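Notes to accompany the following structure.
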Amino acid sequence: MAQEADPKLKNLGVLAPPDSTGIDIIVVGCGYGGLACAIECKRKGHRVRLFEKIPEFKVLGNLMPNAGRVLQRWGLHDRIWSICRHVDTLILHNYLGEVVREQPLPLPLWGAYGYDGHRAEIHEVIYDYAVSIGVEIRFNHGVEGYFEDEERGKAGVIVKGEKFEADLIIAADGVKSLARHYILGYQDQPRSSGYAVFRAWFDAQEQGVDKDPLTDYLCKNGDSFYGWIGRDVHFLASSTRGGKEISWVITRKDDFEISDTWGFPGKMEDVLKVVDGWDPRCAAILSKAPSCIDWKLIIHDPLPTWISKTARIMLIGDAAHPFLPTSQQGGSQAIEDGATIAAVLQVAGKENIPLAVKAWEKIRYQRVRNAQLVGEEVRNKWHQSKPEDRGEKLDMPRPEWLFAFDAEAHAYEVYEDVAKDILENGYQLPKLP
């Protein structure tokens with residue numbers, strides 16, 4: 001009731017008339033962040049075009065309740081929930097196979113659901129919704145360059161030699177985005193994190209998971225979620241669709257050389273070496289996969305800014321702030337980015353776009369960095385655990401400040417104060433935490 005009485009929240013979750021703000025936006029990249037940003041911009045009354053070089057719907061991922069509440073506001077809960085994993089407990093073991101913690105995973109959490117399933121299927125639901133509300137999506141539109149015209153208050157992208165202009169360009173096309181170089185003025189260099197993951201997704205029955213006593217518990221009682229930790233490794237295995245589909249991911253040390261490609265076909269002999277001497281259930285689960293991906297985890301130092309000098313080109317999602325998988329927040333924070341910029345633009349209006357973009361960065365920067373650090377905390381805790389460690393200290397963090405957050409409502413609540421501070425004291429680069 002308090003939210004309903006707050007005049008700042010009068011547009012919370014409201015579908016505005018099409019093109020009612022007069023703000024013209026081009027979003028680059030059709031991942032979670034790009035799609036969510038385009039949807040929220042459309043819902044807030046902005047005109048939006050989404051450019052994607054190719055459709056890529058092949059990665060495994062999940063969305064936490066802080067992103068889930070945005071999707072629920074779009075009316076997508078029932079469709080997405082039906083294709084997700086439904087478990088209420090993570091059963092965590094040490095590498096010897098002893099249960100060290102059964103962590104409750106209640107949903108909804110702080111009034112919202114999280115969604116854990118095959119990223120391709122969740123992505124498709126979001127894509128279908130974007131199309132249904134009239135988001136203009138142009139595939140085979142790979143961006144080759146960016147430009148700004150401060151005098152005219154415009155920015156643009158170059159696609160196949162042709163220029164496309166808008167009031168604001170939002171780059172959501174990942175860590176290799178050309179917009180990173182454009183905004184920074186230099187090419188920031190990724191570093192090896194020292195870790196990599198093997199991951200796989202496959203049919204339980206086809207691979208005999210249900211017939212092997214070392215693996216059948218993953219699927220015989222519906223969906224499940226198991227983990228093994230220690231020796232600088234963590235291994236998570238789960239089932240979805242009533243135990244019919246299996247996915248696993250195993251994170252281990254890997255001092256790889258940085259290259260242009262970070263994903264490779266995995267070799268099962270390399271996978272099994274990681275769990276040599278472990279609970280035999282681990283090798284049994286891993287070996288059921290017909291194939292897997294070897295994904296090298298690279299890290300980028302936090303960027304000094306996510307916006308261009310004229311504040312007409314900006315970065316969101318992995319283009320601005322890549323996450324480690326253990327954070328479980330990469331897609332969720334990208335969606336928060338999109339919901340926030342759409343809302344502050346609506347409040348600011350077409351004449352104040354640069355101010356809205358600067359305020360957006362100030363609203364988002366510290367929260368995103370704090371969320372990134374959660375991922376490092378989880379990995380370190382699990383990888384450094386000893387066989388005798390037990391209890392809640394091994395839990396995956398589910399802090400209220402992170403999961404209970406409502407990005408759209410927060411944007412409406414704080415924008416005016418943040419914008420006022422910028423107008424009175426000037427724009428300042430974010431302080432690196």
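Here, A, B, ... name the chains of the structure tokens in the order displayed, residue numbers run from 1 inside each chain, and ligands are numbered from 1 in the same displayed order.
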
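The residue set within 8 Å of A:Val159, counting only C-alpha atoms and dropping same-chain residues fewer than 5 places from it, reads His141, Gly142, Val143, Glu144, Gly145 and Phe164 of chain A.
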
So that I can see what lies close to A:Gly156, please list as JSON, numbers by chain the residues with an atom at most 7 Å from it, counting only C-alpha atoms and leaving out residues fewer than 6 positions away in the same chain. {"A": [146, 147, 148, 163, 164, 165, 166, 169]}

Residues of stretch 254-354 of chain A within 10 Å of stretch 377-400 of chain A: nearest atom pair and distance (Å, one decimal) for each, counting only C-alpha atoms, sorted by chain and number, as JSON lines?
{"residue": "A:Leu324", "atom": "CA", "partner": "A:Arg379", "partner_atom": "CA", "distance": 9.0}
{"residue": "A:Pro325", "atom": "CA", "partner": "A:Arg379", "partner_atom": "CA", "distance": 9.2}
{"residue": "A:Thr326", "atom": "CA", "partner": "A:Arg379", "partner_atom": "CA", "distance": 6.2}
{"residue": "A:Ser327", "atom": "CA", "partner": "A:Val378", "partner_atom": "CA", "distance": 7.3}
{"residue": "A:Gln328", "atom": "CA", "partner": "A:Met396", "partner_atom": "CA", "distance": 9.8}

Keeping only C-alpha atoms, write those residues as a PDB file, in the first residue's frame.
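Ended up saving to out.pdb:
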ATOM      1  CA  LEU A 324      31.791 -14.906 -12.582  1.00  0.00           C
ATOM      2  CA  PRO A 325      29.283 -17.795 -12.862  1.00  0.00           C
ATOM      3  CA  THR A 326      29.373 -18.313  -9.075  1.00  0.00           C
ATOM      4  CA  SER A 327      27.726 -14.917  -8.583  1.00  0.00           C
ATOM      5  CA  GLN A 328      24.552 -16.195 -10.303  1.00  0.00           C
TER       6      GLN A 328
END

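The interatomic distance for the pair atom CA of A:Ile23 and atom CA of A:Ala171 works out to 16.4 Å.
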
TODO: Would you please give, as a ChimeraX atom specification, all residues of stretch 12-160 of chain A that DSSP assigns to helix (DSSP H, G or I) based on the backbone?
DONE: /A:32-43,65-73,77-81,119-132

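Residues lying within 6 Å of stretch 297-313 of chain A, counting only C-alpha atoms and ignoring same-chain neighbours fewer than 4 positions away, are A:Ala155, A:Leu168, A:Ile169, A:Ile170, A:Ile183, A:Pro190, A:Arg191, A:Ser192, A:Ser193, A:Tyr195, A:Ala196, A:Ala320, A:Pro354.
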
Please, could you write that set of residues out with all heavy atoms as a short mmCIF file (atom, residue, chain, number, x, y, z; two decimals), in the first residue's frame?
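The new file again-v5.cif reads:
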data_model
loop_
_atom_site.label_atom_id
_atom_site.label_comp_id
_atom_site.auth_asym_id
_atom_site.auth_seq_id
_atom_site.Cartn_x
_atom_site.Cartn_y
_atom_site.Cartn_z
N ALA A 155 23.43 10.14 -31.41
CA ALA A 155 24.49 9.15 -31.45
C ALA A 155 24.07 8.09 -32.46
O ALA A 155 22.91 8.06 -32.90
CB ALA A 155 24.72 8.53 -30.08
N LEU A 168 19.93 7.83 -28.12
CA LEU A 168 20.78 7.09 -27.17
C LEU A 168 21.10 5.72 -27.74
O LEU A 168 20.21 5.05 -28.27
CB LEU A 168 20.05 6.95 -25.83
CG LEU A 168 20.76 6.15 -24.73
CD1 LEU A 168 22.06 6.83 -24.30
CD2 LEU A 168 19.84 5.95 -23.52
N ILE A 169 22.35 5.31 -27.61
CA ILE A 169 22.78 3.96 -28.01
C ILE A 169 23.13 3.19 -26.74
O ILE A 169 23.93 3.67 -25.92
CB ILE A 169 24.02 4.00 -28.93
CG1 ILE A 169 23.80 4.93 -30.12
CG2 ILE A 169 24.38 2.58 -29.38
CD1 ILE A 169 22.68 4.51 -31.05
N ILE A 170 22.54 2.01 -26.58
CA ILE A 170 22.80 1.17 -25.41
C ILE A 170 23.46 -0.12 -25.89
O ILE A 170 22.83 -0.94 -26.55
CB ILE A 170 21.51 0.86 -24.64
CG1 ILE A 170 20.83 2.16 -24.19
CG2 ILE A 170 21.79 -0.04 -23.45
CD1 ILE A 170 19.49 1.97 -23.52
N ILE A 183 34.13 4.04 -25.78
CA ILE A 183 33.92 4.83 -24.55
C ILE A 183 35.22 5.05 -23.79
O ILE A 183 35.49 6.16 -23.31
CB ILE A 183 32.87 4.13 -23.66
CG1 ILE A 183 31.48 4.30 -24.28
CG2 ILE A 183 32.90 4.67 -22.23
CD1 ILE A 183 30.39 3.50 -23.61
N PRO A 190 41.61 -8.25 -21.03
CA PRO A 190 41.14 -9.24 -20.04
C PRO A 190 42.31 -10.01 -19.44
O PRO A 190 43.40 -10.07 -20.02
CB PRO A 190 40.25 -10.16 -20.89
CG PRO A 190 40.80 -10.07 -22.27
CD PRO A 190 41.30 -8.65 -22.41
N ARG A 191 42.07 -10.57 -18.28
CA ARG A 191 43.07 -11.39 -17.60
C ARG A 191 42.48 -12.76 -17.32
O ARG A 191 41.28 -12.91 -17.17
CB ARG A 191 43.48 -10.75 -16.28
CG ARG A 191 44.17 -9.40 -16.40
CD ARG A 191 44.59 -8.88 -15.04
NE ARG A 191 43.47 -8.37 -14.24
CZ ARG A 191 43.03 -8.89 -13.12
NH1 ARG A 191 43.60 -9.99 -12.64
NH2 ARG A 191 42.03 -8.36 -12.45
N SER A 192 43.34 -13.74 -17.25
CA SER A 192 42.90 -15.06 -16.83
C SER A 192 42.48 -15.01 -15.36
O SER A 192 43.18 -14.43 -14.53
CB SER A 192 44.02 -16.08 -17.00
OG SER A 192 43.70 -17.28 -16.31
N SER A 193 41.34 -15.60 -15.05
CA SER A 193 40.91 -15.68 -13.65
C SER A 193 41.64 -16.78 -12.91
O SER A 193 41.59 -16.87 -11.69
CB SER A 193 39.40 -15.96 -13.60
OG SER A 193 39.13 -17.27 -14.08
N TYR A 195 40.73 -19.79 -13.50
CA TYR A 195 39.72 -20.84 -13.41
C TYR A 195 39.02 -21.02 -14.75
O TYR A 195 38.99 -20.11 -15.59
CB TYR A 195 38.68 -20.51 -12.33
CG TYR A 195 39.23 -20.57 -10.93
CD1 TYR A 195 39.80 -19.45 -10.34
CD2 TYR A 195 39.19 -21.76 -10.20
CE1 TYR A 195 40.32 -19.50 -9.06
CE2 TYR A 195 39.71 -21.82 -8.92
CZ TYR A 195 40.27 -20.69 -8.35
OH TYR A 195 40.79 -20.76 -7.08
N ALA A 196 38.45 -22.20 -14.93
CA ALA A 196 37.63 -22.49 -16.10
C ALA A 196 36.53 -23.46 -15.68
O ALA A 196 36.60 -24.06 -14.60
CB ALA A 196 38.47 -23.09 -17.22
N ALA A 320 29.50 -3.90 -19.79
CA ALA A 320 29.94 -2.97 -18.74
C ALA A 320 30.63 -3.68 -17.58
O ALA A 320 31.63 -3.21 -17.05
CB ALA A 320 28.74 -2.19 -18.20
N PRO A 354 21.21 13.04 -21.42
CA PRO A 354 22.54 12.89 -20.83
C PRO A 354 22.52 12.89 -19.30
O PRO A 354 23.25 12.13 -18.66
CB PRO A 354 23.31 14.10 -21.38
CG PRO A 354 22.62 14.43 -22.66
CD PRO A 354 21.17 14.15 -22.39
#

Can you tell me, as a ChimeraX atom specification, what residues are no more than 8 Å from stretch 263-270 of chain A when counting only C-alpha atoms, ignoring any on the same chain fewer than 2 positions away? /A:198,261,272-274,287,291-296

So that I can check the secondary structure, give me every residue of stretch 46-281 of chain A assigned strand (DSSP E or B) by backbone DSSP, as an MDAnalysis selection string.
chainID A and resid 47:52 61:63 84 89:94 99:104 109 112 115:117 136:139 143:149 154:159 162:166 168:171 191:203 220 222 224:230 233:240 245:253 263:265

**Q.** Contacts of A:Trp278 at 9 Å (only C-alpha atoms; same-chain gap of 6+ positions) as JSON, numbers by chain
**A.** {"A": [94, 95, 96, 97]}

Once you have the residues from the selection above, write them out as a short mmCIF file (atom, residue, chain, number, x, y, z; two decimals), in the first residue's frame, restricted to C-alpha atoms.
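Output contents, as saved in again-v2.cif:
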data_model
loop_
_atom_site.label_atom_id
_atom_site.label_comp_id
_atom_site.auth_asym_id
_atom_site.auth_seq_id
_atom_site.Cartn_x
_atom_site.Cartn_y
_atom_site.Cartn_z
CA ASN A 94 32.58 -32.53 0.42
CA TYR A 95 34.69 -34.19 -2.27
CA LEU A 96 34.63 -37.47 -0.32
CA GLY A 97 30.86 -37.65 -0.66
#

Practice problem: Pick out the residues sitting within 10 Å of A:Met64, and hand them over as a VMD selection string; count only C-alpha atoms, and ignore anything fewer than 6 positions along from it in its own chain. | Solution: chain A and resid 109 112 to 116 328 to 333 398 402 to 404

Just write the chosen residues, C-alpha atoms, as an mmCIF file, in the first residue's frame.
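The resulting file, selection.cif, is shown below:
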data_model
loop_
_atom_site.group_PDB
_atom_site.id
_atom_site.type_symbol
_atom_site.label_atom_id
_atom_site.label_comp_id
_atom_site.auth_asym_id
_atom_site.auth_seq_id
_atom_site.Cartn_x
_atom_site.Cartn_y
_atom_site.Cartn_z
ATOM 1 C CA LEU A 109 11.882 -15.101 -1.877
ATOM 2 C CA ALA A 112 9.681 -12.791 -6.174
ATOM 3 C CA TYR A 113 10.655 -15.999 -7.970
ATOM 4 C CA GLY A 114 14.023 -16.932 -9.399
ATOM 5 C CA TYR A 115 14.228 -18.923 -12.620
ATOM 6 C CA ASP A 116 16.785 -21.661 -13.186
ATOM 7 C CA GLN A 328 24.552 -16.195 -10.303
ATOM 8 C CA GLN A 329 23.959 -12.526 -11.100
ATOM 9 C CA GLY A 330 25.276 -11.867 -14.616
ATOM 10 C CA GLY A 331 21.917 -12.022 -16.384
ATOM 11 C CA SER A 332 20.049 -10.601 -13.404
ATOM 12 C CA GLN A 333 22.216 -7.489 -13.141
ATOM 13 C CA ARG A 398 21.126 -15.135 -0.801
ATOM 14 C CA LEU A 402 20.722 -8.423 -3.473
ATOM 15 C CA PHE A 403 17.666 -10.635 -3.948
ATOM 16 C CA ALA A 404 14.887 -8.414 -2.571
#

Counting only C-alpha atoms, which residues of stretch 175-253 of chain A fall within 12 Å of stretch 26-42 of chain A, and what is the closest atom pair for each with its distance in Å at one decimal, ordered by chain and rising number, as a tab-separated table?
residue	atom	partner	partner_atom	distance
A:Val175	CA	A:Gly29	CA	11.3
A:Lys176	CA	A:Gly29	CA	11.2
A:Ser177	CA	A:Val28	CA	9.0
A:Leu178	CA	A:Val28	CA	10.4
A:Ala179	CA	A:Val28	CA	9.6

A straight line from atom CA of A:Pro322 to atom CA of A:Arg47 spans 27.3 Å

A:Asn62 proximity check over A:Gly230, A:Ala120, A:Lys253, A:Trp401, using only C-alpha atoms: winner is A:Ala120

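Closest approach to A:Arg119 from the set A:Ile83, A:Ala359, A:Leu50, A:Trp262 is made by A:Ile83, with distances taken over only C-alpha atoms.
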
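Minimum atom-to-atom distances from A:Gln346, A:Phe235, A:Trp201, A:Asn221 to A:Lys288 were compared using only C-alpha atoms, and the lowest value belongs to A:Trp201.
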
One residue among A:Ile133, A:Asp279, A:Asp406, A:Gly22 is nearest to A:His93 when using only C-alpha atoms, and that residue is A:Asp279

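From atom CA of A:Leu92 back to atom CA of A:Glu206, the distance works out to 26.2 Å.
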
Exercise for review: Identify, on the basis of only C-alpha atoms, every residue whose closest approach to A:His118 does not exceed 12 Å; exclude the query and any residue fewer than 2 positions from it along the same chain; express the result as a PyMOL selection string.
Suggested key: chain A and resi 57-63+80-85+115-116+120-125+200-202+238-241+245-248

Write a file of the just-selected residues containing N, CA, C and O atoms, as a compact mmCIF listing (two decimals), in the first residue's frame.
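Just written: result-v5.txt:
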# COMPACT_ATOMS: atom_id res chain seq x y z
N PHE A 57 21.33 -18.70 -28.89
CA PHE A 57 20.47 -19.21 -27.82
C PHE A 57 20.99 -20.55 -27.31
O PHE A 57 20.26 -21.52 -27.27
N LYS A 58 22.26 -20.62 -26.91
CA LYS A 58 22.83 -21.93 -26.62
C LYS A 58 23.47 -22.08 -25.25
O LYS A 58 24.07 -23.09 -24.97
N VAL A 59 23.34 -21.06 -24.39
CA VAL A 59 24.07 -21.09 -23.13
C VAL A 59 23.15 -21.41 -21.97
O VAL A 59 21.98 -21.03 -21.96
N LEU A 60 23.68 -22.08 -20.98
CA LEU A 60 22.94 -22.39 -19.77
C LEU A 60 23.00 -21.22 -18.80
O LEU A 60 24.04 -20.61 -18.65
N GLY A 61 21.90 -20.90 -18.13
CA GLY A 61 21.94 -19.80 -17.19
C GLY A 61 20.70 -19.73 -16.33
O GLY A 61 19.74 -20.44 -16.55
N ASN A 62 20.73 -18.82 -15.33
CA ASN A 62 19.58 -18.67 -14.46
C ASN A 62 19.39 -17.20 -14.11
O ASN A 62 20.26 -16.38 -14.34
N LEU A 63 18.22 -16.90 -13.56
CA LEU A 63 17.88 -15.55 -13.15
C LEU A 63 17.40 -15.59 -11.72
O LEU A 63 16.55 -16.41 -11.37
N ILE A 80 7.57 -19.20 -17.88
CA ILE A 80 8.96 -19.51 -17.55
C ILE A 80 9.05 -20.56 -16.45
O ILE A 80 9.87 -21.48 -16.50
N TRP A 81 8.17 -20.47 -15.47
CA TRP A 81 8.19 -21.42 -14.36
C TRP A 81 8.02 -22.85 -14.84
O TRP A 81 8.60 -23.79 -14.29
N SER A 82 7.24 -23.03 -15.89
CA SER A 82 6.95 -24.38 -16.40
C SER A 82 8.17 -25.05 -17.02
O SER A 82 8.18 -26.28 -17.19
N ILE A 83 9.21 -24.29 -17.37
CA ILE A 83 10.38 -24.88 -18.01
C ILE A 83 11.62 -24.83 -17.11
O ILE A 83 12.72 -25.09 -17.56
N CYS A 84 11.41 -24.49 -15.83
CA CYS A 84 12.54 -24.33 -14.92
C CYS A 84 12.65 -25.46 -13.90
O CYS A 84 11.72 -26.24 -13.72
N ARG A 85 13.81 -25.49 -13.26
CA ARG A 85 14.04 -26.46 -12.19
C ARG A 85 13.28 -26.04 -10.95
O ARG A 85 13.26 -24.87 -10.58
N TYR A 115 14.47 -17.98 -11.53
CA TYR A 115 14.23 -18.92 -12.62
C TYR A 115 15.53 -19.58 -13.02
O TYR A 115 16.48 -18.92 -13.43
N ASP A 116 15.58 -20.90 -12.88
CA ASP A 116 16.79 -21.66 -13.19
C ASP A 116 16.42 -22.75 -14.19
O ASP A 116 15.70 -23.70 -13.87
N ALA A 120 18.49 -21.06 -23.24
CA ALA A 120 17.86 -20.94 -24.55
C ALA A 120 16.35 -20.88 -24.45
O ALA A 120 15.70 -20.08 -25.13
N GLU A 121 15.78 -21.70 -23.57
CA GLU A 121 14.32 -21.75 -23.45
C GLU A 121 13.77 -20.51 -22.75
O GLU A 121 12.74 -19.95 -23.16
N ILE A 122 14.45 -20.07 -21.68
CA ILE A 122 14.02 -18.84 -20.99
C ILE A 122 14.16 -17.65 -21.93
O ILE A 122 13.28 -16.79 -22.03
N HIS A 123 15.27 -17.63 -22.64
CA HIS A 123 15.55 -16.55 -23.59
C HIS A 123 14.45 -16.47 -24.66
O HIS A 123 14.01 -15.38 -25.03
N GLU A 124 14.02 -17.63 -25.12
CA GLU A 124 12.99 -17.65 -26.16
C GLU A 124 11.67 -17.07 -25.66
O GLU A 124 10.98 -16.35 -26.39
N VAL A 125 11.32 -17.35 -24.41
CA VAL A 125 10.09 -16.78 -23.84
C VAL A 125 10.19 -15.26 -23.81
O VAL A 125 9.25 -14.53 -24.16
N ALA A 200 27.67 -29.03 -19.17
CA ALA A 200 26.92 -29.89 -20.10
C ALA A 200 25.45 -29.88 -19.74
O ALA A 200 25.07 -29.60 -18.59
N TRP A 201 24.62 -30.22 -20.73
CA TRP A 201 23.17 -30.31 -20.56
C TRP A 201 22.70 -31.46 -21.46
O TRP A 201 23.01 -31.47 -22.64
N PHE A 202 21.96 -32.42 -20.91
CA PHE A 202 21.61 -33.58 -21.72
C PHE A 202 20.36 -34.29 -21.18
O PHE A 202 19.92 -34.01 -20.05
N SER A 238 22.34 -30.93 -11.51
CA SER A 238 20.91 -30.76 -11.22
C SER A 238 20.07 -31.36 -12.34
O SER A 238 20.56 -31.66 -13.43
N SER A 239 18.79 -31.52 -12.04
CA SER A 239 17.85 -32.01 -13.05
C SER A 239 16.65 -31.07 -13.11
O SER A 239 16.30 -30.41 -12.13
N THR A 240 16.03 -31.03 -14.28
CA THR A 240 14.84 -30.21 -14.52
C THR A 240 13.80 -31.05 -15.25
O THR A 240 14.05 -32.19 -15.61
N ARG A 241 12.64 -30.42 -15.49
CA ARG A 241 11.54 -31.08 -16.21
C ARG A 241 11.16 -32.40 -15.56
O ARG A 241 11.02 -33.43 -16.21
N GLU A 245 15.83 -33.88 -17.61
CA GLU A 245 17.01 -33.27 -18.20
C GLU A 245 18.06 -33.00 -17.11
O GLU A 245 17.71 -32.58 -16.01
N ILE A 246 19.31 -33.25 -17.45
CA ILE A 246 20.42 -33.09 -16.50
C ILE A 246 21.34 -31.97 -16.98
O ILE A 246 21.62 -31.86 -18.18
N SER A 247 21.81 -31.17 -16.03
CA SER A 247 22.86 -30.22 -16.35
C SER A 247 23.91 -30.29 -15.26
O SER A 247 23.61 -30.61 -14.11
N TRP A 248 25.14 -30.05 -15.65
CA TRP A 248 26.20 -29.95 -14.64
C TRP A 248 27.23 -28.92 -15.05
O TRP A 248 27.38 -28.59 -16.23

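Here the question is which of A:Glu336, A:Glu351, A:Asp6, A:Asp24 gets nearest to A:Val368 using only C-alpha atoms, and that residue is A:Glu336.
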